[in-house]
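Text of the file target_8.pdb, holding PDB, C-alpha atoms:
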ATOM      1  CA  MET A 185      58.784 -37.519  59.840
ATOM      2  CA  SER A 186      61.683 -37.161  57.436
ATOM      3  CA  ALA A 187      64.786 -36.663  59.546
ATOM      4  CA  ILE A 188      65.888 -33.049  59.752
ATOM      5  CA  ASN A 189      69.274 -32.882  58.042
ATOM      6  CA  MET A 190      72.279 -30.783  58.945
ATOM      7  CA  GLY A 191      71.500 -28.044  56.436
ATOM      8  CA  GLN A 192      67.915 -27.712  57.631
ATOM      9  CA  ALA A 193      69.069 -27.703  61.248
ATOM     10  CA  THR A 194      71.510 -24.885  60.487
ATOM     11  CA  ILE A 195      68.811 -22.798  58.805
ATOM     12  CA  LEU A 196      66.380 -23.408  61.682
ATOM     13  CA  GLY A 197      69.127 -22.487  64.159
ATOM     14  CA  ILE A 198      69.728 -19.186  62.370
ATOM     15  CA  VAL A 199      66.001 -18.401  62.258
ATOM     16  CA  GLU A 200      65.610 -19.294  65.942
ATOM     17  CA  GLY A 201      68.618 -17.206  66.961
ATOM     18  CA  ILE A 202      67.473 -14.114  65.079
ATOM     19  CA  THR A 203      63.814 -14.235  66.076
ATOM     20  CA  GLU A 204      63.676 -15.714  69.596
ATOM     21  CA  PHE A 205      64.064 -12.406  71.388
ATOM     22  CA  LEU A 206      62.841 -10.016  68.721
ATOM     23  CA  PRO A 207      59.090  -9.365  69.068
ATOM     24  CA  VAL A 208      58.325 -11.063  65.736
ATOM     25  CA  SER A 209      57.575 -14.651  66.896
ATOM     26  CA  SER A 210      60.333 -17.230  66.674
ATOM     27  CA  THR A 211      57.750 -20.038  66.679
ATOM     28  CA  GLY A 212      55.914 -18.441  63.783
ATOM     29  CA  HIS A 213      59.084 -17.972  61.747
ATOM     30  CA  LEU A 214      60.248 -21.502  62.508
ATOM     31  CA  LYS A 215      56.924 -22.948  61.374
ATOM     32  CA  ILE A 216      57.006 -20.868  58.190
ATOM     33  CA  THR A 217      60.579 -22.001  57.516
ATOM     34  CA  GLU A 218      59.657 -25.628  58.212
ATOM     35  CA  GLY A 219      56.710 -25.319  55.833
ATOM     36  CA  LEU A 220      58.935 -23.927  53.082
ATOM     37  CA  MET A 221      61.315 -26.870  53.590
ATOM     38  CA  ASN A 222      58.395 -29.360  53.550
ATOM     39  CA  ILE A 223      58.943 -30.322  57.186
ATOM     40  CA  PRO A 224      55.591 -31.201  58.858
ATOM     41  CA  VAL A 225      55.007 -28.410  61.380
ATOM     42  CA  ASP A 226      52.608 -30.428  63.550
ATOM     43  CA  ASP A 227      54.821 -33.521  63.897
ATOM     44  CA  LYS A 228      55.576 -34.032  67.603
ATOM     45  CA  SER A 229      59.288 -34.536  67.053
ATOM     46  CA  VAL A 230      59.456 -31.368  64.931
ATOM     47  CA  VAL A 231      57.708 -29.393  67.667
ATOM     48  CA  ALA A 232      60.177 -30.910  70.134
ATOM     49  CA  PHE A 233      63.135 -30.110  67.857
ATOM     50  CA  THR A 234      62.229 -26.424  67.766
ATOM     51  CA  ALA A 235      61.807 -26.376  71.551
ATOM     52  CA  VAL A 236      65.231 -27.946  72.053
ATOM     53  CA  ILE A 237      67.136 -25.552  69.779
ATOM     54  CA  GLN A 238      65.577 -22.730  71.802
ATOM     55  CA  VAL A 239      67.917 -23.847  74.579
ATOM     56  CA  GLY A 240      70.807 -22.516  72.498
ATOM     57  CA  ALA A 241      69.140 -19.120  72.274
ATOM     58  CA  ILE A 242      68.261 -19.060  75.958
ATOM     59  CA  ALA A 243      71.832 -20.060  76.827
ATOM     60  CA  SER A 244      72.967 -16.876  75.117
ATOM     61  CA  VAL A 245      70.838 -14.934  77.631
ATOM     62  CA  PHE A 246      72.649 -16.665  80.508
ATOM     63  CA  VAL A 247      75.963 -15.633  78.992
ATOM     64  CA  TYR A 248      74.964 -12.096  77.989
ATOM     65  CA  PHE A 249      73.316 -11.307  81.324
ATOM     66  CA  PHE A 250      75.708 -13.402  83.421
ATOM     67  CA  LYS A 251      76.485 -10.585  85.878
ATOM     68  CA  ASP A 252      72.806  -9.803  86.389
ATOM     69  CA  ILE A 253      71.918 -13.468  86.877
ATOM     70  CA  VAL A 254      74.728 -13.904  89.419
ATOM     71  CA  ARG A 255      73.464 -10.785  91.196
ATOM     72  CA  PHE A 256      69.896 -12.088  91.383
ATOM     73  CA  GLY A 257      71.034 -15.597  92.323
ATOM     74  CA  GLY A 258      73.318 -14.258  95.033
ATOM     75  CA  ALA A 259      70.514 -12.100  96.415
ATOM     76  CA  LEU A 260      68.217 -15.130  96.501
ATOM     77  CA  VAL A 261      70.734 -17.220  98.440
ATOM     78  CA  ARG A 262      71.513 -14.398 100.850
ATOM     79  CA  GLY A 263      67.822 -13.802 101.415
ATOM     80  CA  VAL A 264      67.206 -17.432 102.270
ATOM     81  CA  VAL A 265      69.783 -17.346 105.084
ATOM     82  CA  ASN A 266      69.418 -13.714 106.166
ATOM     83  CA  ARG A 267      66.016 -12.164 106.820
ATOM     84  CA  GLU A 268      67.291  -8.587 106.345
ATOM     85  CA  GLU A 269      68.390  -9.379 102.787
ATOM     86  CA  ARG A 270      64.792 -10.196 101.861
ATOM     87  CA  TYR A 271      63.899  -6.528 101.644
ATOM     88  CA  HIS A 272      66.268  -5.956  98.736
ATOM     89  CA  HIS A 273      64.729  -5.606  95.292
ATOM     90  CA  ASP A 274      67.056  -8.215  93.728
ATOM     91  CA  TYR A 275      65.871 -10.878  96.189
ATOM     92  CA  LYS A 276      62.242 -10.075  95.525
ATOM     93  CA  PHE A 277      62.788  -9.948  91.762
ATOM     94  CA  ALA A 278      64.380 -13.413  91.740
ATOM     95  CA  TRP A 279      61.298 -14.867  93.426
ATOM     96  CA  TRP A 280      58.980 -12.924  91.146
ATOM     97  CA  VAL A 281      60.568 -14.549  88.096
ATOM     98  CA  ILE A 282      59.960 -17.974  89.639
ATOM     99  CA  TYR A 283      56.354 -17.200  90.561
ATOM    100  CA  ALA A 284      55.647 -15.635  87.159
ATOM    101  CA  THR A 285      56.769 -18.831  85.427
ATOM    102  CA  ILE A 286      54.203 -21.051  87.153
ATOM    103  CA  PRO A 287      51.183 -20.006  85.015
ATOM    104  CA  ILE A 288      52.836 -20.750  81.674
ATOM    105  CA  VAL A 289      54.122 -24.103  82.939
ATOM    106  CA  ALA A 290      50.641 -25.096  84.118
ATOM    107  CA  VAL A 291      48.977 -24.061  80.854
ATOM    108  CA  GLY A 292      51.755 -25.639  78.782
ATOM    109  CA  LEU A 293      51.257 -29.031  80.416
ATOM    110  CA  ALA A 294      47.453 -28.851  80.365
ATOM    111  CA  ALA A 295      47.158 -27.657  76.764
ATOM    112  CA  LYS A 296      50.010 -29.697  75.262
ATOM    113  CA  PRO A 297      47.741 -31.687  72.862
ATOM    114  CA  LEU A 298      46.261 -28.458  71.488
ATOM    115  CA  ILE A 299      49.628 -26.736  71.229
ATOM    116  CA  GLU A 300      51.134 -29.622  69.290
ATOM    117  CA  GLY A 301      47.982 -30.202  67.221
ATOM    118  CA  PRO A 302      45.340 -27.702  65.989
ATOM    119  CA  LEU A 303      47.142 -24.619  67.303
ATOM    120  CA  ALA A 304      50.291 -25.539  65.348
ATOM    121  CA  SER A 305      48.540 -24.534  62.104
ATOM    122  CA  LEU A 306      50.140 -21.857  59.940
ATOM    123  CA  TRP A 307      46.707 -20.204  59.724
ATOM    124  CA  VAL A 308      46.953 -19.603  63.463
ATOM    125  CA  VAL A 309      50.482 -18.243  63.001
ATOM    126  CA  ALA A 310      49.359 -15.793  60.301
ATOM    127  CA  GLY A 311      46.412 -14.535  62.341
ATOM    128  CA  SER A 312      48.497 -14.206  65.498
ATOM    129  CA  LEU A 313      51.191 -12.241  63.682
ATOM    130  CA  VAL A 314      48.664  -9.663  62.520
ATOM    131  CA  VAL A 315      46.648  -9.463  65.754
ATOM    132  CA  GLY A 316      49.825  -9.355  67.851
ATOM    133  CA  SER A 317      51.056  -6.442  65.736
ATOM    134  CA  GLY A 318      47.985  -4.427  66.670
ATOM    135  CA  VAL A 319      48.498  -5.193  70.349
ATOM    136  CA  MET A 320      52.157  -4.175  70.174
ATOM    137  CA  TRP A 321      51.426  -0.919  68.371
ATOM    138  CA  ALA A 322      48.686  -0.017  70.861
ATOM    139  CA  ALA A 323      50.926  -0.870  73.828
ATOM    140  CA  ASP A 324      53.763   1.290  72.527
ATOM    141  CA  GLN A 325      51.358   4.198  72.036
ATOM    142  CA  MET A 326      49.602   3.766  75.389
ATOM    143  CA  GLY A 327      52.691   3.287  77.511
ATOM    144  CA  ARG A 328      54.209   6.330  79.169
ATOM    145  CA  HIS A 329      57.693   4.747  79.313
ATOM    146  CA  LYS A 330      58.397   6.363  82.673
ATOM    147  CA  ARG A 331      59.336   3.374  84.864
ATOM    148  CA  GLY A 332      62.731   1.675  84.932
ATOM    149  CA  GLU A 333      63.776  -1.843  85.877
ATOM    150  CA  ASP A 334      64.177  -0.948  89.567
ATOM    151  CA  ASP A 335      60.543   0.194  89.608
ATOM    152  CA  THR A 336      59.118  -3.211  88.691
ATOM    153  CA  SER A 337      56.773  -4.878  91.166
ATOM    154  CA  PHE A 338      55.343  -8.318  91.874
ATOM    155  CA  LYS A 339      52.204  -7.311  89.963
ATOM    156  CA  ASP A 340      54.300  -6.316  86.936
ATOM    157  CA  ALA A 341      56.179  -9.613  86.945
ATOM    158  CA  MET A 342      53.011 -11.715  87.252
ATOM    159  CA  LEU A 343      51.109  -9.856  84.539
ATOM    160  CA  VAL A 344      54.065  -9.950  82.155
ATOM    161  CA  GLY A 345      54.736 -13.591  83.010
ATOM    162  CA  CYS A 346      51.112 -14.577  82.375
ATOM    163  CA  SER A 347      51.191 -12.810  79.005
ATOM    164  CA  GLN A 348      53.602 -15.500  77.791
ATOM    165  CA  ILE A 349      50.592 -17.816  77.629
ATOM    166  CA  LEU A 350      49.331 -15.904  74.577
ATOM    167  CA  ALA A 351      52.412 -16.922  72.600
ATOM    168  CA  LEU A 352      52.184 -20.483  73.907
ATOM    169  CA  LEU A 353      48.611 -20.936  72.690
ATOM    170  CA  PHE A 354      48.871 -18.783  69.569
ATOM    171  CA  PRO A 355      52.209 -19.305  67.806
ATOM    172  CA  GLY A 356      52.890 -16.148  65.872
ATOM    173  CA  PHE A 357      51.806 -13.843  68.692
ATOM    174  CA  SER A 358      55.409 -13.876  69.988
ATOM    175  CA  ARG A 359      56.480 -14.435  73.571
ATOM    176  CA  SER A 360      58.756 -11.410  73.396
ATOM    177  CA  GLY A 361      56.026  -9.364  71.766
ATOM    178  CA  ALA A 362      53.441 -10.338  74.392
ATOM    179  CA  THR A 363      55.738  -9.690  77.350
ATOM    180  CA  MET A 364      57.146  -6.432  76.012
ATOM    181  CA  SER A 365      53.677  -5.167  75.108
ATOM    182  CA  THR A 366      52.348  -5.962  78.574
ATOM    183  CA  ALA A 367      55.334  -4.260  80.201
ATOM    184  CA  LEU A 368      54.818  -1.176  78.040
ATOM    185  CA  ILE A 369      51.139  -1.008  79.015
ATOM    186  CA  LEU A 370      52.346  -1.040  82.632
ATOM    187  CA  ASP A 371      54.405   2.068  81.771
ATOM    188  CA  LEU A 372      57.859   0.472  81.856
ATOM    189  CA  ASP A 373      60.320   2.050  79.456
ATOM    190  CA  ARG A 374      61.351   0.069  76.372
ATOM    191  CA  VAL A 375      64.719  -1.085  77.740
ATOM    192  CA  ALA A 376      63.204  -2.194  81.055
ATOM    193  CA  ALA A 377      60.402  -3.991  79.184
ATOM    194  CA  THR A 378      62.929  -5.774  76.986
ATOM    195  CA  ARG A 379      65.171  -6.837  79.869
ATOM    196  CA  LEU A 380      62.172  -8.071  81.870
ATOM    197  CA  SER A 381      61.128 -10.138  78.867
ATOM    198  CA  PHE A 382      64.582 -11.727  78.766
ATOM    199  CA  PHE A 383      64.649 -12.609  82.466
ATOM    200  CA  LEU A 384      61.127 -14.046  82.494
ATOM    201  CA  GLY A 385      61.987 -16.198  79.502
ATOM    202  CA  LEU A 386      64.911 -17.906  81.211
ATOM    203  CA  PRO A 387      63.101 -20.572  83.281
ATOM    204  CA  ALA A 388      60.179 -21.073  80.882
ATOM    205  CA  LEU A 389      62.235 -21.605  77.719
ATOM    206  CA  THR A 390      64.955 -23.624  79.450
ATOM    207  CA  GLY A 391      62.372 -25.911  81.032
ATOM    208  CA  ALA A 392      60.496 -26.346  77.752
ATOM    209  CA  GLY A 393      63.668 -27.282  75.882
ATOM    210  CA  LEU A 394      64.781 -29.838  78.448
ATOM    211  CA  TYR A 395      61.263 -31.275  78.723
ATOM    212  CA  GLU A 396      60.993 -31.744  74.948
ATOM    213  CA  LEU A 397      64.475 -33.251  74.543
ATOM    214  CA  LYS A 398      63.245 -36.823  74.946
ATOM    215  CA  ASP A 399      60.538 -36.350  72.319
ATOM    216  CA  ALA A 400      62.949 -34.746  69.853
ATOM    217  CA  VAL A 401      65.474 -37.580  70.090
ATOM    218  CA  GLY A 402      62.987 -40.402  70.630
ATOM    219  CA  GLY A 403      60.675 -39.157  67.885
ATOM    220  CA  GLY A 404      63.200 -39.313  65.081
ATOM    221  CA  ALA A 405      65.199 -36.104  65.278
ATOM    222  CA  PRO A 406      68.878 -37.151  64.946
ATOM    223  CA  VAL A 407      71.296 -35.956  67.600
ATOM    224  CA  MET A 408      73.822 -34.122  65.421
ATOM    225  CA  PRO A 409      71.283 -31.812  63.752
ATOM    226  CA  LEU A 410      69.946 -31.042  67.247
ATOM    227  CA  VAL A 411      73.458 -30.124  68.380
ATOM    228  CA  ILE A 412      74.126 -28.025  65.261
ATOM    229  CA  GLY A 413      70.787 -26.232  65.446
ATOM    230  CA  THR A 414      71.269 -25.465  69.136
ATOM    231  CA  ALA A 415      74.842 -24.218  68.684
ATOM    232  CA  VAL A 416      73.937 -21.987  65.740
ATOM    233  CA  SER A 417      70.958 -20.516  67.601
ATOM    234  CA  PHE A 418      73.261 -19.675  70.540
ATOM    235  CA  VAL A 419      75.733 -17.685  68.446
ATOM    236  CA  VAL A 420      73.102 -15.858  66.399
ATOM    237  CA  ALA A 421      70.880 -15.125  69.436
ATOM    238  CA  TYR A 422      73.780 -13.549  71.333
ATOM    239  CA  ALA A 423      74.299 -11.065  68.512
ATOM    240  CA  SER A 424      70.541 -10.498  68.294
ATOM    241  CA  ILE A 425      70.284  -9.636  72.006
ATOM    242  CA  SER A 426      73.084  -7.080  71.768
ATOM    243  CA  TRP A 427      71.487  -5.436  68.742
ATOM    244  CA  LEU A 428      67.963  -5.382  70.227
ATOM    245  CA  LEU A 429      68.957  -3.656  73.473
ATOM    246  CA  LYS A 430      70.750  -0.923  71.520
ATOM    247  CA  PHE A 431      67.819  -0.556  69.129
ATOM    248  CA  VAL A 432      65.036  -0.199  71.715
ATOM    249  CA  ALA A 433      67.039   2.402  73.626
ATOM    250  CA  LYS A 434      66.536   4.839  70.751
ATOM    251  CA  HIS A 435      63.612   3.552  68.676
ATOM    252  CA  SER A 436      59.949   2.589  69.025
ATOM    253  CA  PHE A 437      58.591  -0.870  68.140
ATOM    254  CA  ASN A 438      56.940   0.396  64.946
ATOM    255  CA  ALA A 439      59.461  -1.321  62.678
ATOM    256  CA  PHE A 440      58.618  -4.682  64.232
ATOM    257  CA  VAL A 441      54.894  -3.956  63.962
ATOM    258  CA  LEU A 442      55.174  -3.219  60.237
ATOM    259  CA  TYR A 443      57.378  -6.269  59.629
ATOM    260  CA  ARG A 444      54.944  -8.580  61.434
ATOM    261  CA  ILE A 445      51.989  -7.299  59.418
ATOM    262  CA  ILE A 446      53.853  -7.819  56.141
ATOM    263  CA  ILE A 447      54.872 -11.372  57.102
ATOM    264  CA  GLY A 448      51.368 -12.193  58.365
ATOM    265  CA  VAL A 449      49.644 -10.952  55.190
ATOM    266  CA  LEU A 450      52.238 -12.707  53.018
ATOM    267  CA  LEU A 451      51.656 -15.939  54.926
ATOM    268  CA  PHE A 452      47.883 -15.630  54.467
ATOM    269  CA  GLY A 453      48.508 -15.243  50.738
ATOM    270  CA  LEU A 454      50.837 -18.253  50.488
ATOM    271  CA  LEU A 455      48.375 -20.415  52.402
ATOM    272  CA  GLY A 456      45.430 -19.211  50.363
ATOM    273  CA  MET A 457      47.219 -19.984  47.079
ATOM    274  CA  GLY A 458      48.240 -23.418  48.312
ATOM    275  CA  VAL A 459      51.969 -22.650  48.149
ATOM    276  CA  LEU A 460      52.269 -23.651  51.815
ATOM    277  CA  ASP A 461      50.460 -26.479  53.603
ATOM    278  CA  ALA A 462      48.922 -25.248  56.844
TER     279      ALA A 462
END
Could you write out this structure as structure tokens?
Amino acid sequence: MSAINMGQATILGIVEGITEFLPVSSTGHLKITEGLMNIPVDDKSVVAFTAVIQVGAIASVFVYFFKDIVRFGGALVRGVVNREERYHHDYKFAWWVIYATIPIVAVGLAAKPLIEGPLASLWVVAGSLVVGSGVMWAADQMGRHKRGEDDTSFKDAMLVGCSQILALLFPGFSRSGATMSTALILDLDRVAATRLSFFLGLPALTGAGLYELKDAVGGGAPVMPLVIGTAVSFVVAYASISWLLKFVAKHSFNAFVLYRIIIGVLLFGLLGMGVLDA
């Protein structure tokens, strides 16, 4: 591939930071942006590059939710050494996040050739954006929004965690969109659904970024653009998280649904006219 330069890395970092946690598909937007910049979207090192700069965005979650993460981590440690502590919700929740990550890791490893090959097509992204919009709209309408974060169960965590597989196999569906939609169907309120999406993304996205690091560097992606892209995604994602939590507390997901449909239809048009190479 042509080496990703500093300017391209900065743009990709901004796109990643804005879209990683919004239910609009960061992978889809990154692939569209790469296509517009004539970067081959199915090149292994490009796929790895995008996975690595996600670490910057996920690091912003560690910082933003530092107190919560310390609380869950402390509960996990206390539960390991003290049986009575194991009845606390924080202890259980920490384990649920770990368990809920196993399915996406297994599928990610097994389907890696497909994910980096045929499923990396922009046609898949366009279709997933539109289909995912319908799922999100239906979930927001169906959900009764009556359960808070403290009401989550092992079943909730596993179902929401497994829904991440949709975004893994169909870039454009959106990991955030899939997890939030599933949580809404389970009657969690919008803030609880959003926070659960954040916490479940921590191990999966961090692991993916670290796993792909060797391919990004070894496959031709220079180190400095990786550093720049990751740093930019961290700063932008932090601001995005703060905005999203305030937004969902007072609004439905309809704005995201409409945006996704517009982008999906536009992408279909650009691909059909040959402006973008799938």
Spatial neighbours of Ile282 (chain A), 10 Å, all atoms listed in the file, chain gap at least 4 places, as an MDAnalysis selection string
chainID A and resid 277:278 286 341:342 345 384 386:388
Write out as a Markdown table a residue-level contact list of region 354-435 of chain A versus region 294-313 of chain A with cut-off 7 Å: for each qualifying residue the closest pair of atoms and the distance in Å to one decimal, counting only C-alpha atoms, rows sorted by chain and residue number upward.
| residue | atom | partner | partner_atom | distance |
| --- | --- | --- | --- | --- |
| A:Phe354 | CA | A:Ser312 | CA | 6.1 |
| A:Pro355 | CA | A:Val309 | CA | 5.2 |
| A:Gly356 | CA | A:Val309 | CA | 4.3 |
| A:Phe357 | CA | A:Ser312 | CA | 4.6 |
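With distances taken over all atoms listed in the file, A:Ala323 is the one residue among A:Leu380, A:Val264, A:Leu410, A:Ala323 lying closest to Leu368 (chain A).
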Output check: residues returned by the PyMOL selection byres ((chain A and resi 215) around 12), as a PyMOL selection string
chain A and resi 196+199-200+209-214+216-227+230-231+233-235+300+303-310+355-356+451+460-462
Smallest atom-to-atom distance to Ser337 (chain A): which of A:Val407, A:Trp427, A:Ala367, A:Asp252, using all atoms listed in the file?
A:Ala367
On this structure, which residues satisfy the PyMOL selection byres ((chain A and resi 420) around 9), written as a PDB file with C-alpha atoms, keeping the file's coordinate frame?
ATOM      1  CA  GLY A 197      69.127 -22.487  64.159  1.00  0.00           C
ATOM      2  CA  ILE A 198      69.728 -19.186  62.370  1.00  0.00           C
ATOM      3  CA  VAL A 199      66.001 -18.401  62.258  1.00  0.00           C
ATOM      4  CA  GLU A 200      65.610 -19.294  65.942  1.00  0.00           C
ATOM      5  CA  GLY A 201      68.618 -17.206  66.961  1.00  0.00           C
ATOM      6  CA  ILE A 202      67.473 -14.114  65.079  1.00  0.00           C
ATOM      7  CA  ALA A 241      69.140 -19.120  72.274  1.00  0.00           C
ATOM      8  CA  SER A 244      72.967 -16.876  75.117  1.00  0.00           C
ATOM      9  CA  ALA A 415      74.842 -24.218  68.684  1.00  0.00           C
ATOM     10  CA  VAL A 416      73.937 -21.987  65.740  1.00  0.00           C
ATOM     11  CA  SER A 417      70.958 -20.516  67.601  1.00  0.00           C
ATOM     12  CA  PHE A 418      73.261 -19.675  70.540  1.00  0.00           C
ATOM     13  CA  VAL A 419      75.733 -17.685  68.446  1.00  0.00           C
ATOM     14  CA  ALA A 421      70.880 -15.125  69.436  1.00  0.00           C
ATOM     15  CA  TYR A 422      73.780 -13.549  71.333  1.00  0.00           C
ATOM     16  CA  ALA A 423      74.299 -11.065  68.512  1.00  0.00           C
ATOM     17  CA  SER A 424      70.541 -10.498  68.294  1.00  0.00           C
ATOM     18  CA  ILE A 425      70.284  -9.636  72.006  1.00  0.00           C
TER      19      ILE A 425
END
Point out the residue among A:Asp324, A:Glu268, A:Glu396, A:Glu333 with the least atom-to-atom distance to Arg379 (chain A), counting all atoms listed in the file.
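Residue with the minimum atom-to-atom distance to Arg379 (chain A): A:Glu333.
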Near-Val441 (chain A) list (8 Å; all atoms listed in the file; drop same-chain fewer than 4 positions) as a PDB file with C-alpha atoms, in the coordinates of the input:
ATOM      1  CA  SER A 317      51.056  -6.442  65.736  1.00  0.00           C
ATOM      2  CA  GLY A 318      47.985  -4.427  66.670  1.00  0.00           C
ATOM      3  CA  MET A 320      52.157  -4.175  70.174  1.00  0.00           C
ATOM      4  CA  TRP A 321      51.426  -0.919  68.371  1.00  0.00           C
ATOM      5  CA  PHE A 437      58.591  -0.870  68.140  1.00  0.00           C
ATOM      6  CA  ILE A 445      51.989  -7.299  59.418  1.00  0.00           C
TER       7      ILE A 445
END
May I have the protein, DNA and RNA residues with an atom at most 12 Å from (60.7, -15.4, 75.9), counting only C-alpha atoms in the file's coordinates, returned as JSON, numbers by chain?
{"A": [200, 203, 204, 205, 206, 207, 208, 209, 210, 211, 235, 238, 239, 241, 242, 245, 285, 288, 344, 345, 346, 347, 348, 349, 350, 351, 352, 357, 358, 359, 360, 361, 362, 363, 364, 377, 378, 379, 380, 381, 382, 383, 384, 385, 386, 387, 388, 389, 390, 391, 392, 425]}
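From CA of Asp334 (chain A) back to CA of Lys276 (chain A), the distance works out to 11.1 Å.
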If you measure from CA of Asn189 (chain A) to CA of Pro409 (chain A), what distance in Å do you get, rounded to one decimal?
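Distance between the two atoms: 6.1 Å.
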Please evaluate the PyMOL selection byres ((chain A and resi 259) around 9) against the structure above and give the resulting residues as a ChimeraX atom specification.
/A:254-258,260-264,269-270,272-276,278
What does the distance between CA of Phe431 (chain A) and CA of Asp340 (chain A) come to in Å, to one decimal place?
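CA of Asp340 (chain A) lies 23.1 Å from CA of Phe431 (chain A).
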Centre and edge lengths, as AutoDock Vina command-line options, for the axis-aligned box enclosing every listed atom of region 413-418 of chain A with 6 Å of padding on each of the six sides, in Å to one decimal?
--center_x 72.8 --center_y -23.0 --center_z 68.0 --size_x 16.1 --size_y 18.6 --size_z 17.1
Which residue gives the smallest distance to Asp373 (chain A) among A:Met326, A:Leu353, A:Met457, A:Val291, with all atoms listed in the file counted?
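Among the listed residues, the smallest separation from Asp373 (chain A) belongs to A:Met326.
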Counting all atoms listed in the file, figure out which residue out of A:Ile447, A:Val319, A:Leu394, A:Leu428 gets nearest to Val236 (chain A).
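Nearest to Val236 (chain A): A:Leu394.
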Can you rebuild region 377-388 of chain A with N, CA, C and O atoms and give it as a PDB file, keeping the file's coordinate frame?
ATOM      1  N   ALA A 377      61.351  -2.994  79.690  1.00  0.00           N
ATOM      2  CA  ALA A 377      60.402  -3.991  79.184  1.00  0.00           C
ATOM      3  C   ALA A 377      61.134  -5.125  78.485  1.00  0.00           C
ATOM      4  O   ALA A 377      60.793  -6.302  78.642  1.00  0.00           O
ATOM      5  N   THR A 378      62.159  -4.773  77.725  1.00  0.00           N
ATOM      6  CA  THR A 378      62.929  -5.774  76.986  1.00  0.00           C
ATOM      7  C   THR A 378      63.724  -6.662  77.931  1.00  0.00           C
ATOM      8  O   THR A 378      63.742  -7.884  77.796  1.00  0.00           O
ATOM      9  N   ARG A 379      64.384  -6.056  78.910  1.00  0.00           N
ATOM     10  CA  ARG A 379      65.171  -6.837  79.869  1.00  0.00           C
ATOM     11  C   ARG A 379      64.262  -7.751  80.709  1.00  0.00           C
ATOM     12  O   ARG A 379      64.610  -8.897  80.972  1.00  0.00           O
ATOM     13  N   LEU A 380      63.103  -7.245  81.105  1.00  0.00           N
ATOM     14  CA  LEU A 380      62.172  -8.071  81.870  1.00  0.00           C
ATOM     15  C   LEU A 380      61.717  -9.265  81.042  1.00  0.00           C
ATOM     16  O   LEU A 380      61.588 -10.386  81.562  1.00  0.00           O
ATOM     17  N   SER A 381      61.496  -9.046  79.762  1.00  0.00           N
ATOM     18  CA  SER A 381      61.128 -10.138  78.867  1.00  0.00           C
ATOM     19  C   SER A 381      62.208 -11.212  78.821  1.00  0.00           C
ATOM     20  O   SER A 381      61.917 -12.407  78.846  1.00  0.00           O
ATOM     21  N   PHE A 382      63.465 -10.784  78.772  1.00  0.00           N
ATOM     22  CA  PHE A 382      64.582 -11.727  78.766  1.00  0.00           C
ATOM     23  C   PHE A 382      64.597 -12.568  80.047  1.00  0.00           C
ATOM     24  O   PHE A 382      64.674 -13.793  80.003  1.00  0.00           O
ATOM     25  N   PHE A 383      64.531 -11.900  81.188  1.00  0.00           N
ATOM     26  CA  PHE A 383      64.649 -12.609  82.466  1.00  0.00           C
ATOM     27  C   PHE A 383      63.488 -13.570  82.696  1.00  0.00           C
ATOM     28  O   PHE A 383      63.676 -14.679  83.202  1.00  0.00           O
ATOM     29  N   LEU A 384      62.274 -13.170  82.311  1.00  0.00           N
ATOM     30  CA  LEU A 384      61.127 -14.046  82.494  1.00  0.00           C
ATOM     31  C   LEU A 384      61.167 -15.242  81.543  1.00  0.00           C
ATOM     32  O   LEU A 384      60.543 -16.267  81.813  1.00  0.00           O
ATOM     33  N   GLY A 385      61.890 -15.090  80.442  1.00  0.00           N
ATOM     34  CA  GLY A 385      61.987 -16.198  79.502  1.00  0.00           C
ATOM     35  C   GLY A 385      62.963 -17.277  79.917  1.00  0.00           C
ATOM     36  O   GLY A 385      62.897 -18.410  79.424  1.00  0.00           O
ATOM     37  N   LEU A 386      63.878 -16.951  80.824  1.00  0.00           N
ATOM     38  CA  LEU A 386      64.911 -17.906  81.211  1.00  0.00           C
ATOM     39  C   LEU A 386      64.367 -19.246  81.714  1.00  0.00           C
ATOM     40  O   LEU A 386      64.664 -20.295  81.138  1.00  0.00           O
ATOM     41  N   PRO A 387      63.565 -19.280  82.780  1.00  0.00           N
ATOM     42  CA  PRO A 387      63.101 -20.572  83.281  1.00  0.00           C
ATOM     43  C   PRO A 387      62.107 -21.255  82.348  1.00  0.00           C
ATOM     44  O   PRO A 387      62.162 -22.479  82.174  1.00  0.00           O
ATOM     45  N   ALA A 388      61.211 -20.482  81.731  1.00  0.00           N
ATOM     46  CA  ALA A 388      60.179 -21.073  80.882  1.00  0.00           C
ATOM     47  C   ALA A 388      60.775 -21.751  79.652  1.00  0.00           C
ATOM     48  O   ALA A 388      60.452 -22.907  79.339  1.00  0.00           O
TER      49      ALA A 388
END
